[in-house]
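This is protein.txt (compact mmCIF, C-alpha atoms).
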# COMPACT_ATOMS: atom_id res chain seq x y z
CA MET A 1 -50.45 124.74 -33.28
CA HIS A 2 -49.13 123.30 -30.02
CA THR A 3 -51.55 122.50 -27.24
CA LEU A 4 -50.82 123.92 -23.77
CA LYS A 5 -49.56 120.52 -22.63
CA GLN A 6 -47.36 120.08 -25.70
CA GLN A 7 -45.71 123.44 -25.01
CA ILE A 8 -44.90 122.47 -21.43
CA ASP A 9 -43.71 119.01 -22.50
CA GLU A 10 -41.29 120.51 -25.03
CA SER A 11 -39.95 123.00 -22.47
CA GLN A 12 -39.50 120.15 -20.00
CA ALA A 13 -37.66 118.02 -22.56
CA PHE A 14 -35.29 120.92 -23.21
CA LEU A 15 -34.49 121.29 -19.49
CA ASN A 16 -34.05 117.53 -19.09
CA SER A 17 -31.60 117.58 -22.02
CA LYS A 18 -29.52 120.05 -19.99
CA GLY A 19 -29.40 117.65 -17.04
CA ILE A 20 -31.99 119.56 -15.04
CA ASP A 21 -33.99 117.14 -12.88
CA SER A 22 -34.38 115.86 -9.29
CA ILE A 23 -34.99 119.36 -7.93
CA ASP A 24 -36.00 120.09 -4.32
CA PHE A 25 -37.30 123.67 -4.62
CA GLY A 26 -38.39 126.11 -7.29
CA ILE A 27 -37.82 129.80 -6.61
CA ILE A 28 -39.30 132.86 -8.35
CA LEU A 29 -37.40 136.08 -7.70
CA GLY A 30 -39.17 139.42 -7.90
CA THR A 31 -37.94 142.99 -8.25
CA GLY A 32 -34.79 143.87 -6.30
CA LEU A 33 -34.18 140.33 -5.06
CA GLY A 34 -31.28 139.35 -7.28
CA ASP A 35 -28.67 139.00 -4.51
CA LEU A 36 -29.96 135.53 -3.63
CA VAL A 37 -28.38 134.42 -6.90
CA ASN A 38 -24.95 135.23 -5.46
CA GLU A 39 -25.51 132.51 -2.85
CA LEU A 40 -26.20 129.89 -5.51
CA ASP A 41 -23.69 127.33 -6.77
CA VAL A 42 -24.79 127.55 -10.41
CA GLU A 43 -24.60 124.47 -12.63
CA GLN A 44 -26.71 125.77 -15.52
CA GLU A 45 -27.66 129.30 -16.63
CA ILE A 46 -30.22 129.48 -19.42
CA PRO A 47 -31.76 132.65 -20.93
CA TYR A 48 -35.54 132.50 -21.03
CA ALA A 49 -35.35 133.11 -24.78
CA ALA A 50 -33.55 129.77 -25.24
CA ILE A 51 -36.35 127.71 -23.67
CA PRO A 52 -38.97 126.51 -26.18
CA HIS A 53 -42.34 128.30 -25.77
CA PHE A 54 -41.12 130.29 -22.76
CA PRO A 55 -42.46 133.86 -22.52
CA ASN A 56 -40.01 136.77 -22.45
CA THR A 57 -40.21 139.34 -19.69
CA THR A 58 -40.30 143.04 -20.51
CA MET A 59 -39.40 144.08 -16.97
CA GLU A 60 -36.60 146.60 -16.55
CA PHE A 61 -35.28 145.17 -13.27
CA HIS A 62 -35.49 141.47 -14.17
CA HIS A 63 -32.70 139.39 -15.72
CA ALA A 64 -34.89 136.91 -17.64
CA ARG A 65 -32.81 133.81 -16.99
CA LEU A 66 -33.19 130.38 -15.44
CA LEU A 67 -30.58 129.18 -12.96
CA TYR A 68 -30.09 125.60 -11.80
CA GLY A 69 -27.76 124.62 -9.02
CA ASN A 70 -27.19 124.07 -5.32
CA LEU A 71 -28.27 126.27 -2.45
CA CYS A 72 -27.76 125.16 1.16
CA GLY A 73 -27.45 121.53 0.14
CA LYS A 74 -30.62 121.55 -1.97
CA LYS A 75 -31.08 121.40 -5.72
CA VAL A 76 -32.98 124.52 -6.80
CA LEU A 77 -34.39 125.94 -10.00
CA VAL A 78 -34.43 129.75 -9.85
CA PHE A 79 -36.48 131.91 -12.21
CA GLU A 80 -34.83 135.32 -12.20
CA GLY A 81 -37.52 137.49 -13.76
CA ARG A 82 -41.28 136.95 -13.70
CA PHE A 83 -44.33 137.86 -15.77
CA HIS A 84 -47.23 140.22 -15.08
CA ALA A 85 -50.73 140.81 -16.39
CA TYR A 86 -49.82 144.38 -17.36
CA GLU A 87 -47.27 143.08 -19.88
CA GLY A 88 -50.14 142.00 -22.12
CA LEU A 89 -49.58 138.29 -21.49
CA SER A 90 -52.13 135.52 -21.01
CA TYR A 91 -52.41 133.93 -17.58
CA PHE A 92 -50.98 130.75 -19.10
CA GLN A 93 -47.85 132.72 -20.00
CA ILE A 94 -47.74 134.51 -16.62
CA THR A 95 -47.79 131.19 -14.76
CA TYR A 96 -45.64 129.22 -17.20
CA PRO A 97 -42.70 129.00 -14.73
CA ILE A 98 -44.92 127.25 -12.15
CA ARG A 99 -46.19 124.73 -14.69
CA LEU A 100 -42.65 124.09 -15.89
CA MET A 101 -41.47 123.57 -12.29
CA HIS A 102 -44.20 120.99 -11.80
CA SER A 103 -43.33 119.21 -15.04
CA VAL A 104 -39.73 118.65 -13.88
CA GLY A 105 -40.89 117.25 -10.55
CA ILE A 106 -40.73 120.22 -8.18
CA LYS A 107 -43.17 119.98 -5.26
CA LYS A 108 -42.17 123.05 -3.21
CA VAL A 109 -42.16 126.66 -4.40
CA ILE A 110 -40.74 129.85 -2.89
CA ILE A 111 -42.06 133.11 -4.37
CA SER A 112 -40.95 136.66 -3.67
CA ASN A 113 -42.21 140.05 -4.74
CA ALA A 114 -41.91 143.74 -4.00
CA ALA A 115 -45.02 145.33 -2.48
CA GLY A 116 -46.33 148.47 -0.89
CA ALA A 117 -47.27 148.38 2.81
CA ILE A 118 -50.98 149.10 3.34
CA ASN A 119 -50.77 148.18 7.02
CA LEU A 120 -49.11 151.24 8.54
CA ASN A 121 -47.59 149.12 11.31
CA PHE A 122 -45.35 147.67 8.59
CA LYS A 123 -42.35 149.71 7.43
CA LYS A 124 -40.45 149.83 4.16
CA GLY A 125 -37.34 147.68 4.18
CA GLU A 126 -39.13 144.92 6.15
CA VAL A 127 -40.46 141.54 4.99
CA MET A 128 -44.03 140.22 5.04
CA LEU A 129 -44.87 136.54 4.91
CA ILE A 130 -48.00 136.18 2.79
CA GLU A 131 -50.57 134.15 4.73
CA ASP A 132 -53.54 134.89 2.48
CA HIS A 133 -54.37 136.98 -0.57
CA ILE A 134 -57.06 138.92 -2.40
CA ASN A 135 -57.21 138.60 -6.18
CA LEU A 136 -58.16 141.98 -7.68
CA GLN A 137 -56.68 141.30 -11.12
CA GLY A 138 -60.03 140.55 -12.73
CA GLY A 139 -58.89 137.21 -14.12
CA SER A 140 -57.62 133.74 -13.24
CA PRO A 141 -55.14 131.28 -14.74
CA LEU A 142 -57.87 128.64 -14.31
CA ALA A 143 -60.32 130.53 -16.52
CA GLU A 144 -58.50 130.03 -19.80
CA LYS A 145 -59.39 127.70 -22.66
CA GLY A 146 -57.70 124.30 -22.41
CA VAL A 147 -56.56 124.66 -18.81
CA GLU A 148 -58.60 121.62 -17.79
CA THR A 149 -56.01 119.48 -19.60
CA LEU A 150 -53.38 120.66 -17.10
CA GLY A 151 -55.20 119.95 -13.84
CA PRO A 152 -58.53 120.47 -12.06
CA ARG A 153 -60.30 123.70 -12.96
CA PHE A 154 -62.10 124.17 -9.63
CA VAL A 155 -59.31 124.49 -7.08
CA ASP A 156 -59.75 124.83 -3.31
CA MET A 157 -58.05 127.99 -1.98
CA SER A 158 -58.95 127.73 1.71
CA ALA A 159 -55.25 127.38 2.58
CA PRO A 160 -53.15 128.44 -0.43
CA TYR A 161 -49.88 128.79 1.51
CA ALA A 162 -48.25 125.72 3.07
CA SER A 163 -48.71 125.94 6.84
CA THR A 164 -45.65 123.80 7.62
CA LEU A 165 -43.34 126.06 5.59
CA CYS A 166 -44.89 129.22 7.05
CA LYS A 167 -44.51 127.95 10.61
CA ARG A 168 -40.86 127.06 10.01
CA VAL A 169 -40.07 130.49 8.55
CA LYS A 170 -41.62 132.22 11.56
CA GLU A 171 -39.37 130.16 13.83
CA ILE A 172 -36.33 131.07 11.71
CA ALA A 173 -37.21 134.77 11.88
CA ALA A 174 -37.54 134.63 15.67
CA ASN A 175 -34.24 132.76 16.04
CA ASN A 176 -32.42 135.29 13.85
CA ASP A 177 -34.04 138.43 15.30
CA ILE A 178 -35.61 139.30 11.95
CA THR A 179 -38.78 141.39 11.79
CA LEU A 180 -41.18 139.21 9.81
CA HIS A 181 -44.72 140.43 9.43
CA ALA A 182 -47.53 138.11 8.38
CA GLY A 183 -50.46 139.38 6.40
CA VAL A 184 -52.75 139.55 3.39
CA TYR A 185 -51.42 140.44 -0.07
CA ALA A 186 -53.72 142.14 -2.57
CA ALA A 187 -52.86 141.57 -6.24
CA VAL A 188 -53.86 144.33 -8.66
CA VAL A 189 -53.17 144.65 -12.39
CA GLY A 190 -51.12 147.87 -12.39
CA PRO A 191 -48.75 149.04 -13.70
CA GLN A 192 -49.83 152.40 -12.29
CA LEU A 193 -49.63 152.75 -8.53
CA GLU A 194 -52.74 153.30 -6.44
CA THR A 195 -54.62 156.49 -5.70
CA LYS A 196 -55.32 157.65 -2.15
CA ALA A 197 -58.88 156.34 -2.45
CA GLU A 198 -57.64 152.96 -3.67
CA TYR A 199 -55.24 152.66 -0.73
CA ARG A 200 -58.11 153.42 1.66
CA TYR A 201 -60.25 150.79 -0.09
CA LEU A 202 -57.50 148.16 0.12
CA ARG A 203 -57.12 148.76 3.84
CA GLN A 204 -60.87 148.48 4.37
CA ILE A 205 -61.10 145.10 2.62
CA GLY A 206 -58.29 143.64 4.76
CA ALA A 207 -55.12 143.98 2.69
CA ASP A 208 -51.79 144.47 4.47
CA ALA A 209 -49.73 144.88 1.30
CA VAL A 210 -50.38 145.45 -2.41
CA GLY A 211 -48.52 144.35 -5.52
CA MET A 212 -48.97 143.29 -9.13
CA SER A 213 -47.93 139.62 -9.19
CA THR A 214 -47.72 136.33 -7.26
CA VAL A 215 -51.41 135.43 -6.91
CA PRO A 216 -51.75 133.80 -10.37
CA GLU A 217 -48.61 131.76 -9.63
CA VAL A 218 -50.00 130.66 -6.26
CA ILE A 219 -53.33 129.64 -7.81
CA VAL A 220 -51.54 127.38 -10.30
CA ALA A 221 -49.25 125.96 -7.60
CA ASN A 222 -52.39 124.96 -5.69
CA GLN A 223 -53.97 123.49 -8.82
CA LEU A 224 -50.88 121.29 -9.15
CA ASN A 225 -50.72 120.37 -5.42
CA MET A 226 -47.40 122.12 -4.88
CA ASP A 227 -46.45 123.44 -1.43
CA CYS A 228 -46.11 127.19 -1.70
CA ILE A 229 -44.61 129.94 0.45
CA ALA A 230 -44.45 133.59 -0.58
CA PHE A 231 -42.83 136.77 0.72
CA SER A 232 -43.26 140.47 0.03
CA VAL A 233 -40.37 142.83 0.50
CA LEU A 234 -41.99 146.10 1.53
CA THR A 235 -40.63 148.91 -0.60
CA ASP A 236 -42.89 151.81 0.33
CA GLU A 237 -45.51 152.86 2.89
CA CYS A 238 -48.92 153.52 1.37
CA ASP A 239 -50.44 156.06 3.75
CA PRO A 240 -53.21 157.93 1.90
CA ALA A 241 -52.98 160.78 4.41
CA ASN A 242 -49.29 161.36 3.60
CA LEU A 243 -48.90 160.12 0.04
CA LYS A 244 -45.82 161.28 -1.85
CA PRO A 245 -44.82 160.83 -5.51
CA ILE A 246 -43.07 157.57 -6.38
CA ASP A 247 -39.30 157.47 -5.92
CA ILE A 248 -37.82 154.49 -7.81
CA GLU A 249 -34.39 154.85 -6.21
CA ASP A 250 -35.91 154.78 -2.72
CA ILE A 251 -38.04 151.78 -3.63
CA MET A 252 -35.03 149.84 -4.89
CA ALA A 253 -33.01 150.79 -1.78
CA SER A 254 -35.83 149.51 0.45
CA ALA A 255 -35.96 146.27 -1.55
CA LYS A 256 -32.21 145.78 -1.06
CA LYS A 257 -32.54 146.31 2.68
CA ALA A 258 -35.35 143.79 3.00
CA GLU A 259 -33.57 141.37 0.71
CA GLN A 260 -30.80 140.76 3.23
CA SER A 261 -33.38 139.48 5.73
CA LEU A 262 -35.15 137.44 3.09
CA ILE A 263 -31.93 135.71 2.04
CA ILE A 264 -31.37 134.56 5.64
CA LEU A 265 -34.94 133.25 5.85
CA VAL A 266 -34.77 131.36 2.55
CA LYS A 267 -31.35 129.83 3.18
CA ASN A 268 -32.36 128.62 6.64
CA LEU A 269 -35.66 127.28 5.30
CA LEU A 270 -33.83 125.26 2.67
CA SER A 271 -31.30 123.95 5.18
CA SER A 272 -34.08 122.79 7.51
CA GLN A 273 -35.92 120.74 4.88
CA GLN A 274 -35.46 116.97 4.62

What is this file in structure tokens?
Amino acid sequence: MHTLKQQIDESQAFLNSKGIDSIDFGIILGTGLGDLVNELDVEQEIPYAAIPHFPNTTMEFHHARLLYGNLCGKKVLVFEGRFHAYEGLSYFQITYPIRLMHSVGIKKVIISNAAGAINLNFKKGEVMLIEDHINLQGGSPLAEKGVETLGPRFVDMSAPYASTLCKRVKEIAANNDITLHAGVYAAVVGPQLETKAEYRYLRQIGADAVGMSTVPEVIVANQLNMDCIAFSVLTDECDPANLKPIDIEDIMASAKKAEQSLIILVKNLLSSQQ
């Protein structure tokens, strides 16, 4: 039986054997955000299934592959496909990509997700910079047996998102005439969407957007002292007074629209980093 650290060490050794090291940024791509991959000068493409101890995603819209290469003059490691609590995985498995990033020396992380807009001033097809979050998943990646061997268990979360990266992205958005909201992301388990009453509750507790991912990854990034920035592409407007049945095609179209703005933000952010 491998310990948690032994699993990560063996995954790291596999990546190192492929020449994957000296990386500037790690990137986790969420639903509908695959076009960023087209901007990447790929040196290595590895299916998740080939990486020792790596979980396998069950998500329909995720590719489940690791890409290593150059983007805007920076070495990046891109995880195309992420893991969720509703897939029946442990939080160690859900956050495995973050721990693997850290093990190969990555200190800065960009995370994206698709989310519903709770704040009715935000519109679908726009992007929200996550400045804070609310964990409503009923669990934590720091509350699992053996996690103390991977870093401190009691982690400060007073500023989970790197202020320098957030400030730079706001400047980039202003310079490129991109609508970039800033707000609070609420993470729920899912996979069902919310009821009208739940949307009203989320608004009352201060959420601007809601989704089913990201927060466990951010918690682990903070445990490991990694600078983190995260974005939500807003795919639907969650107005309890005018709630309509889910339309997957419309959601994916909204994600594609927002993705074009997000690609500009991420590329400029990478270019601006020393």

Next on the checklist: For Gly125 in chain A, find every residue with an atom within 12 Å (counting only C-alpha atoms), except residues of its own chain fewer than 2 positions away, and show them as a PyMOL selection string.
Outcome noted: chain A and resi 32+114-117+122-123+127-128+178-181+232-237+250-262

Using all atoms listed in the file, find each residue in range 200-231 of chain A having at least one atom no more than 10 Å away from range 18-29 of chain A; report its shortest atom-to-atom pair and that distance in Å (one decimal), rows by chain then rising number, as JSON lines.
{"residue": "A:Thr214", "atom": "CA", "partner": "A:Ile28", "partner_atom": "CA", "distance": 9.2}
{"residue": "A:Glu217", "atom": "CA", "partner": "A:Ile28", "partner_atom": "CA", "distance": 9.5}
{"residue": "A:Asp227", "atom": "CA", "partner": "A:Phe25", "partner_atom": "CA", "distance": 9.7}
{"residue": "A:Cys228", "atom": "CA", "partner": "A:Gly26", "partner_atom": "CA", "distance": 9.6}
{"residue": "A:Ile229", "atom": "CA", "partner": "A:Ile27", "partner_atom": "CA", "distance": 9.8}
{"residue": "A:Ala230", "atom": "CA", "partner": "A:Ile28", "partner_atom": "CA", "distance": 9.4}

Next on the checklist: Can you measure CA of Glu80 in chain A to CA of Arg65 in chain A for me? One decimal in Å is fine.
Outcome noted: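 These two atoms are separated by 5.4 Å.
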
Next on the checklist: Which residues are near Asn38 in chain A? Cut-off 12 Å, only C-alpha atoms, ignore same chain within fewer than 3 positions. Put them as a list in words.
Outcome noted: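 Residues near the query, excluding close chain neighbours: Leu33, Gly34, Asp35, Asp41, Val42, Leu67, Gly69, Asn70, Leu71, Val78, Glu80, Gln260 and Ile263 of chain A.
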
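For the set A:Ser213, A:Ser163, A:Thr95, A:Gln44, the residue with the smallest atom-to-atom gap to Ile134 in chain A is A:Ser213, counting only C-alpha atoms.
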
Checklist outcome for this item: Residue with the minimum atom-to-atom distance to Lys145 in chain A, picked from A:Tyr91, A:Ile106, A:Arg200, A:Ile172 with all atoms listed in the file counted, is A:Tyr91

Checklist entry - If you measure from CA of Arg99 in chain A to CA of Gly190 in chain A, what distance in Å do you get, rounded to one decimal? => result 23.8 Å

Item to check | Separation of CA of Val155 in chain A from CA of Val104 in chain A in Å | outcome: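 Result for CA of Val104 in chain A versus CA of Val155 in chain A: 21.5 Å, one decimal.
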
Around all the atoms of range 270-273 of chain A listed in the file, with 3 Å of room on each side, what axis-aligned box do you get, giving centre and edge lengths in Å to one decimal, as lines of an AutoDock Vina configuration file?
center_x = -33.6
center_y = 123.0
center_z = 5.1
size_x = 10.6
size_y = 10.5
size_z = 10.8

Checklist entry - Pick from A:Val189, A:Val220, A:Ile111, A:Ala50: nearest to Thr31 in chain A, with all atoms listed in the file counted? => result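 So, comparing all the options, the nearest one is A:Ile111.
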
Checklist entry - Quick one: of A:Ala186, A:Val37, A:Ile98, A:Ile8, who's nearest to Phe83 in chain A, counting only C-alpha atoms? => result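 Selected residue with least distance to Phe83 in chain A: A:Ile98.
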
Checklist entry - Of the candidates A:Gln274, A:Tyr68, A:Ile246, A:Ala221, which one gets nearest to Gly151 in chain A if we count only C-alpha atoms? => result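 Using only C-alpha atoms, Gly151 in chain A sits closest to A:Ala221.
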
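Across A:Asn225, A:Asn121, A:Asn135, A:Gln192, the tightest approach to Asp156 in chain A is made by A:Asn225 when counting only C-alpha atoms.
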
Next on the checklist: Using only C-alpha atoms, list the residues that have an atom at most 7 Å from (-32.8, 130.1, -18.2), coordinates as in the file, as a list in words.
Outcome noted: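 Those residues, ordered by chain and then number, are Glu45, Ile46, Pro47, Tyr48, Ile51, Arg65, Leu66 and Leu67 of chain A.
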